[in-house]
Amino acid sequence: MSTARANNLSAAQRDRLSRFNVDSCVDVHCHCLSGLDDGPADMSEALGLCRALVDDGVTCAIATPHQLGRYETEISGERIVKAVDELNEMLQREDVPLQVACGAEIRVDMRVPELLECGELLSLGQTGRFVLIELPHETFVNPLPLLLRLKDSGIVPVIAHPERCEYLAKQQPVVASWLNAGAVLQLTAGSLTGLCGTRASQQAWGWLQAGWVALIASDAHGTSDRRPVMTAAIEQLTARMGHGAARVLCIENPRHIWAGEPLAGRLQAHRGGRR
Ligand SMILES: [Fe+2]
């Protein structure tokens, strides 16, 4: 981020950075690119969402448009890179203090390793280290064979918002097998606050208390129903599990993903407890 924009931080950004004594607050999952998927329809809406992220304390966001599944033919890696460049140019022109990097939310599919290798699919932040995997919402598909293949390639699979998959409530041993295979769980901030419904909230807090969660992200799509609520999620996480847990799940691990570094670990988040 340019010095000029860094000097223009929002009150929420300043508060977040000083509260956790860091120089960035990363959102690893958001749909901020215009006209690609079910995120903003045009650049004006994209800018609105980026301003909402800034007002929610986020300084760096990984754009994660959907790849594969229903968006199979529409969104190539090349198209995402171009859209991110255009958005960063616009943010600079409009003096919005947000830096955007490339990524994708990839529907579970056994072709993922090969398509990552050839650049058709994008890893988070394009570091080649973490891949955000989306499960179908409506039906159970066990991604374990894919998770094991990714692990063999040295890639950490990040499972996007499993708490919103109702069928997983009765599949706890299966979810545990994903963690044992090296995958990590990313919850949506709105699931902690109740924005995603009571059932998702109960599942989210259950896994948080069990120490199964590595990351929280906004999964924001716009400024209304699916708006970013990281500030509220951090407040609730701090109140229920302590500052240390909020730091690992909302600050440290997202920053590790941005940098392509090993995560602090989900169990450490649990042990952090109240302090
Ligand atoms: Fe998403």
# chains A, B, ... in the order shown; residues from 1 in each chain; ligands from 1
>>> residues_near_ligand(ligand="ligand 1", cutoff="7 Å", atoms="only C-alpha atoms and all ligand atoms", output="list of chain:residue names")
A:His29, A:Cys30, A:His31, A:Thr64, A:Glu105, A:Asp219
>>> residues_around(residues="Glu252 in chain A", least_positions_apart="4", cutoff="8 Å", atoms="only C-alpha atoms", output="ChimeraX atom specification")
/A:247-248,256,263-264
>>> write_last_selection(atoms="C-alpha atoms", output="mmCIF file, in the first residue's frame")
data_model
loop_
_atom_site.group_PDB
_atom_site.id
_atom_site.type_symbol
_atom_site.label_atom_id
_atom_site.label_comp_id
_atom_site.auth_asym_id
_atom_site.auth_seq_id
_atom_site.Cartn_x
_atom_site.Cartn_y
_atom_site.Cartn_z
ATOM 1 C CA ARG A 247 -5.424 -12.872 17.505
ATOM 2 C CA VAL A 248 -4.542 -16.304 16.077
ATOM 3 C CA HIS A 256 0.551 -16.116 7.432
ATOM 4 C CA LEU A 263 0.019 -21.313 10.141
ATOM 5 C CA ALA A 264 0.186 -20.869 13.895
#
>>> residues_around(residues="Leu150 in chain A", least_positions_apart="5", cutoff="12 Å", atoms="only C-alpha atoms", output="ChimeraX atom specification")
/A:108-117,123,128-133,143-145,155-158,178,181-183
>>> select_by_dssp(residues="range 45-257 of chain A", states="strand (DSSP E or B)", output="ChimeraX atom specification")
/A:60-63,66-67,99-102,105-107,130-134,156-160,184-188,213-217,220
>>> atom_distance(atom1="CA of His221 in chain A", atom2="CA of Leu179 in chain A")
27.3 Å
>>> residues_around(residues="Cys60 in chain A", least_positions_apart="6", cutoff="7 Å", atoms="only C-alpha atoms", output="NGL selection string")
:A and (24-27 or 98-100)
>>> write_last_selection(atoms="C-alpha atoms", output="CSV table (one decimal), in the first residue's frame")
chain,number,residue,atom,x,y,z
A,24,SER,CA,-1.9,-5.4,8.5
A,25,CYS,CA,-5.3,-7.0,8.9
A,26,VAL,CA,-5.9,-9.6,6.2
A,27,ASP,CA,-9.2,-11.0,5.0
A,98,LEU,CA,-7.0,-1.5,0.9
A,99,GLN,CA,-4.6,-3.8,-0.9
A,100,VAL,CA,-6.1,-6.7,-2.9
>>> atom_distance(atom1="CA of Leu195 in chain A", atom2="CA of Asn21 in chain A")
28.2 Å
>>> closest_residue(among="A:Ala12, A:Leu121, A:Ala41, A:Val54", to="Gly77 in chain A", atoms="only C-alpha atoms")
A:Leu121
>>> residues_around(residues="Leu185 in chain A", least_positions_apart="6", cutoff="12 Å", atoms="only C-alpha atoms", output="PyMOL selection string")
chain A and resi 130-135+156-164+175-176+178-179+204+207-208+211-217+249+253+263+265-267
>>> residues_around(residues="Gln202 in chain A", least_positions_apart="4", cutoff="10 Å", atoms="only C-alpha atoms", output="VMD selection string")
chain A and resid 163 169 191 to 192 194 197 to 198 206 to 208
>>> residues_around(residues="Asp37 in chain A", least_positions_apart="5", cutoff="12 Å", atoms="only C-alpha atoms", output="list in words")
Cys30, His31, Cys32, Asp42, Ala46, Ala63, Thr64, Pro65, His66, Gln67, Leu68, Gly69, Arg70, Tyr71, Glu72, Thr73, Glu74, Ile75, Ser76, Arg79, Ile80, Ala83, Ala104, Glu105, His221 and Gly222 of chain A
>>> closest_residue(among="A:Leu146, A:Val141, A:Ala189, A:Ala245", to="Ala232 in chain A", atoms="only C-alpha atoms")
A:Ala189
>>> closest_residue(among="A:Leu168, A:Ile257, A:Ala61, A:Cys118", to="His137 in chain A", atoms="only C-alpha atoms")
A:Leu168
>>> atom_distance(atom1="CA of Asp56 in chain A", atom2="CA of Arg226 in chain A")
13.2 Å
